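Remarks on the structure that follows.
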Amino acid sequence: MQIAPLESWLSGLQGPLIIAGPCSAETEEQVAATAAALRKMAGVRIFRAGLWKSRTRPDTFAGVGKAGLDWMRSVRTETGLLSAVEVSNAAQAEDCLRAGVDVLWVGARTTVNPFYVQEVADAVRGTGVAMMVKNPVSPDLDLWIGAVERLEKAGIRKMLAVHRGFSRYEKGIYRNAPYWEIAAEFKRLLPGMPMVCDPSHIAGKREYLQQIAQKALDMDMAGIMIETHLSPDRALSDSAQQITPKDLESLLARLVVRPPASAPARLGGRSEPLPLRLDEIDEALLALLVRRVEAVRQIEAFDGTELARSWRERGKALGLDEKFLDAIFRAIQSSERLS
Ligand code: PEP
Ligand code: MN
């Protein structure tokens, strides 16, 4: 696969690439003031803003649409930052191309649908515009790679994969499950493709951004995309996960950027270090615990005797120690009483 190295279209890039800007463009003033605040921050080269918002539910803010294209053009001329806009169909892609948007991106709800990806690929065919491809909402590596292949067949070479986490039915700490191993596998299969992480959509809450961003850098990702809003609490979309430009600045200052060779959990490395895997397994365990507690809550008079017996038998058949099994079961029972 022929993918241009990041440095070939982001000249002079030193350290991680930072992509920042609001979830949604809301007003001309907001776009201009956010871009002005981001402009001076080290590493910030791309200003992102959604104009057409592919919202999960109706009757929520759907974006300002075409009206924002002029605002994005001004960002480019006023700040020198590259502008980036999400496109979900041919019409949006054509509008962005006409308006000179520098980077187009395919969002998680679009990557999931090959018809839409193909439509966007046909619209950008031969233009050579830079594209970002977010992972699909579902944990499906082939859909993600397939989207990249469709764009590559349309002659797109400046490409960037964006890891934004995956939907799952179980509740978790994060809004979207990171499934870091999927990102690592993508990187192993497409080694020339640069990848950034989008901690905002993984986290769903601003308090988790730092740890996710750090983990992404520890995995040798090329950078991060963080949603930035002047008044996050008043944002018209993704309010809980956005941070002010000032908070972005302190987040970036706290990031430890290690030289690539010393990164503890290199993407695509043969042996993924234990803490990384354990962290994901713990996340899955916690999600299961929440499901179990909720299921028990729905049963009025709960007698765990029979369940305890069957738990012990099944656990033993899987090779687990009986005392360990009993201790875990007791702990689950008492947590259910407490909660
Ligand atoms: C976004 O970047 O604002 C967005 C809608 O993201 P995603 O496609 O990852 O959900
Ligand atoms: Mn968003």
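Convention: chains lettered A, B, ... in structure tokens order; per-chain residue numbering from 1; ligands numbered from 1 as shown.
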| said: Could you list, as JSON, numbers by chain, all protein and nucleic acid residues with an atom at most 7 Å from ligand 2, counting only C-alpha atoms and all ligand atoms? | reply: {"A": [23, 24, 201, 227, 237, 238]}
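Backbone DSSP over region 7-100 of chain A gives strand (DSSP E) for A:Leu17, A:Ile18, A:Ile19, A:Ala20, A:Gly21, A:Val44, A:Arg45, A:Ile46, A:Phe47, A:Arg48, A:Leu82, A:Ser83, A:Ala84, A:Val85, A:Glu86.
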Okay, now the selection with N, CA, C and O atoms, as a compact mmCIF listing (two decimals), in the first residue's frame?
```txt
# COMPACT_ATOMS: atom_id res chain seq x y z
N LEU A 17 2.10 14.74 16.57
CA LEU A 17 1.17 15.61 15.85
C LEU A 17 -0.06 15.83 16.75
O LEU A 17 -0.66 14.88 17.25
N ILE A 18 -0.44 17.09 16.92
CA ILE A 18 -1.63 17.38 17.72
C ILE A 18 -2.72 17.95 16.81
O ILE A 18 -2.49 18.93 16.09
N ILE A 19 -3.86 17.31 16.84
CA ILE A 19 -5.02 17.79 16.09
C ILE A 19 -6.02 18.25 17.14
O ILE A 19 -6.34 17.50 18.07
N ALA A 20 -6.48 19.49 17.05
CA ALA A 20 -7.38 20.00 18.09
C ALA A 20 -8.42 20.90 17.47
O ALA A 20 -8.27 21.38 16.34
N GLY A 21 -9.48 21.13 18.22
CA GLY A 21 -10.58 21.97 17.74
C GLY A 21 -11.87 21.40 18.29
O GLY A 21 -11.89 20.32 18.88
N VAL A 44 0.52 21.53 17.55
CA VAL A 44 -0.81 21.67 16.94
C VAL A 44 -0.63 22.12 15.49
O VAL A 44 -0.13 23.20 15.21
N ARG A 45 -1.04 21.26 14.56
CA ARG A 45 -0.88 21.58 13.14
C ARG A 45 -2.20 21.51 12.39
O ARG A 45 -2.33 22.05 11.30
N ILE A 46 -3.16 20.78 12.96
CA ILE A 46 -4.43 20.61 12.26
C ILE A 46 -5.57 21.06 13.17
O ILE A 46 -5.64 20.68 14.35
N PHE A 47 -6.46 21.89 12.61
CA PHE A 47 -7.64 22.36 13.35
C PHE A 47 -8.85 21.58 12.86
O PHE A 47 -9.19 21.61 11.68
N ARG A 48 -9.47 20.85 13.77
CA ARG A 48 -10.62 20.02 13.41
C ARG A 48 -11.93 20.71 13.84
O ARG A 48 -11.98 21.41 14.86
N LEU A 82 -3.80 23.69 9.34
CA LEU A 82 -4.59 23.00 8.32
C LEU A 82 -6.00 22.80 8.87
O LEU A 82 -6.18 22.54 10.06
N SER A 83 -6.99 22.91 8.00
CA SER A 83 -8.37 22.71 8.45
C SER A 83 -8.79 21.27 8.17
O SER A 83 -8.41 20.69 7.15
N ALA A 84 -9.59 20.71 9.08
CA ALA A 84 -10.07 19.32 8.90
C ALA A 84 -11.55 19.24 9.23
O ALA A 84 -12.00 19.77 10.25
N VAL A 85 -12.31 18.58 8.34
CA VAL A 85 -13.77 18.47 8.48
C VAL A 85 -14.19 17.03 8.21
O VAL A 85 -13.65 16.37 7.32
N GLU A 86 -15.18 16.55 8.98
CA GLU A 86 -15.71 15.20 8.75
C GLU A 86 -16.67 15.21 7.57
O GLU A 86 -17.52 16.10 7.44
```
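Nearest to Asp282 (chain A) of all the residues A:Gly172, A:Gly12, A:Gly304, A:Gly315 is A:Gly172, counting only C-alpha atoms.
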| said: Could you list the protein, DNA and RNA residues that have any atom within 10 Å of ligand 1, counting only C-alpha atoms and all ligand atoms, and write them as a PyMOL selection string? | reply: chain A and resi 21-24+48-56+85-88+105-111+133-137+162-167+176+198-202+225-227+237-238
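The closest residue to Gln14 (chain A), picked from A:Val257, A:Val296, A:Val103, A:Ala154 and counting only C-alpha atoms, is A:Val257.
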Please identify all polymer residues within 10 Å of Ala91 (chain A), counting only C-alpha atoms, omitting same-chain residues fewer than 4 positions from it, and present them as a PDB file with all heavy atoms, in the first residue's frame.
```pdb
ATOM      1  N   VAL A  87     -16.542  14.199   6.700  1.00  0.00           N
ATOM      2  CA  VAL A  87     -17.482  14.061   5.578  1.00  0.00           C
ATOM      3  C   VAL A  87     -18.078  12.653   5.586  1.00  0.00           C
ATOM      4  O   VAL A  87     -17.387  11.675   5.835  1.00  0.00           O
ATOM      5  CB  VAL A  87     -16.798  14.335   4.212  1.00  0.00           C
ATOM      6  CG1 VAL A  87     -16.346  15.781   4.121  1.00  0.00           C
ATOM      7  CG2 VAL A  87     -15.613  13.405   3.968  1.00  0.00           C
ATOM      8  N   ASP A  95     -18.371  19.682  -1.299  1.00  0.00           N
ATOM      9  CA  ASP A  95     -18.418  21.023  -0.694  1.00  0.00           C
ATOM     10  C   ASP A  95     -17.074  21.378  -0.051  1.00  0.00           C
ATOM     11  O   ASP A  95     -16.582  22.496  -0.197  1.00  0.00           O
ATOM     12  CB  ASP A  95     -19.524  21.094   0.368  1.00  0.00           C
ATOM     13  CG  ASP A  95     -20.916  21.214  -0.259  1.00  0.00           C
ATOM     14  OD1 ASP A  95     -20.993  21.572  -1.461  1.00  0.00           O
ATOM     15  OD2 ASP A  95     -21.909  20.941   0.444  1.00  0.00           O
ATOM     16  N   CYS A  96     -16.504  20.416   0.675  1.00  0.00           N
ATOM     17  CA  CYS A  96     -15.220  20.682   1.356  1.00  0.00           C
ATOM     18  C   CYS A  96     -14.105  20.910   0.346  1.00  0.00           C
ATOM     19  O   CYS A  96     -13.265  21.798   0.517  1.00  0.00           O
ATOM     20  CB  CYS A  96     -14.854  19.514   2.274  1.00  0.00           C
ATOM     21  SG  CYS A  96     -15.828  19.476   3.772  1.00  0.00           S
ATOM     22  N   LEU A  97     -14.091  20.100  -0.718  1.00  0.00           N
ATOM     23  CA  LEU A  97     -13.042  20.254  -1.725  1.00  0.00           C
ATOM     24  C   LEU A  97     -13.137  21.631  -2.377  1.00  0.00           C
ATOM     25  O   LEU A  97     -12.134  22.320  -2.552  1.00  0.00           O
ATOM     26  CB  LEU A  97     -13.159  19.153  -2.782  1.00  0.00           C
ATOM     27  CG  LEU A  97     -12.812  17.736  -2.310  1.00  0.00           C
ATOM     28  CD1 LEU A  97     -13.165  16.709  -3.379  1.00  0.00           C
ATOM     29  CD2 LEU A  97     -11.323  17.639  -1.947  1.00  0.00           C
ATOM     30  N   GLU A 119     -18.581   6.051  -1.713  1.00  0.00           N
ATOM     31  CA  GLU A 119     -19.114   7.314  -2.248  1.00  0.00           C
ATOM     32  C   GLU A 119     -18.127   8.458  -1.988  1.00  0.00           C
ATOM     33  O   GLU A 119     -17.829   9.262  -2.881  1.00  0.00           O
ATOM     34  CB  GLU A 119     -20.456   7.592  -1.552  1.00  0.00           C
ATOM     35  CG  GLU A 119     -21.235   8.703  -2.189  1.00  0.00           C
ATOM     36  CD  GLU A 119     -22.561   8.964  -1.472  1.00  0.00           C
ATOM     37  OE1 GLU A 119     -23.291   7.999  -1.161  1.00  0.00           O
ATOM     38  OE2 GLU A 119     -22.845  10.149  -1.223  1.00  0.00           O
ATOM     39  N   VAL A 120     -17.588   8.491  -0.769  1.00  0.00           N
ATOM     40  CA  VAL A 120     -16.609   9.538  -0.436  1.00  0.00           C
ATOM     41  C   VAL A 120     -15.339   9.321  -1.264  1.00  0.00           C
ATOM     42  O   VAL A 120     -14.780  10.274  -1.821  1.00  0.00           O
ATOM     43  CB  VAL A 120     -16.293   9.530   1.092  1.00  0.00           C
ATOM     44  CG1 VAL A 120     -15.107  10.442   1.397  1.00  0.00           C
ATOM     45  CG2 VAL A 120     -17.520   9.963   1.892  1.00  0.00           C
ATOM     46  N   ALA A 123     -15.762  10.608  -4.631  1.00  0.00           N
ATOM     47  CA  ALA A 123     -15.809  12.081  -4.660  1.00  0.00           C
ATOM     48  C   ALA A 123     -14.416  12.705  -4.559  1.00  0.00           C
ATOM     49  O   ALA A 123     -14.178  13.781  -5.096  1.00  0.00           O
ATOM     50  CB  ALA A 123     -16.701  12.598  -3.526  1.00  0.00           C
TER      51      ALA A 123
END
```
| request: Pick out the residues sitting within 9 Å of region 190-195 of chain A, and hand them over as an NGL selection string; count only C-alpha atoms, and ignore anything fewer than 6 positions along from it in its own chain. | output: :A and (1-6 or 145 or 159-163 or 183 or 220-224 or 268)
| said: I'd like to know which residues of region 115-320 of chain A are alpha helix (DSSP H) (by DSSP, run on the backbone); could you write them as JSON, numbers by chain? | reply: {"A": [115, 116, 117, 118, 119, 120, 121, 122, 123, 124, 141, 142, 143, 144, 145, 146, 147, 148, 149, 150, 151, 152, 153, 180, 181, 182, 183, 184, 185, 186, 187, 188, 189, 199, 200, 201, 202, 203, 209, 210, 211, 212, 213, 214, 215, 216, 217, 218, 245, 246, 247, 248, 249, 250, 251, 252, 253, 254, 274, 275, 276, 277, 278, 279, 280, 281, 282, 283, 284, 285, 286, 287, 288, 289, 290, 291, 292, 293, 294, 295, 296, 297, 305, 306, 307, 308, 309, 310, 311, 312, 313, 314, 315, 316, 317]}
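Going from CA of Asp142 (chain A) over to CA of Ala287 (chain A), you cover 25.4 Å.
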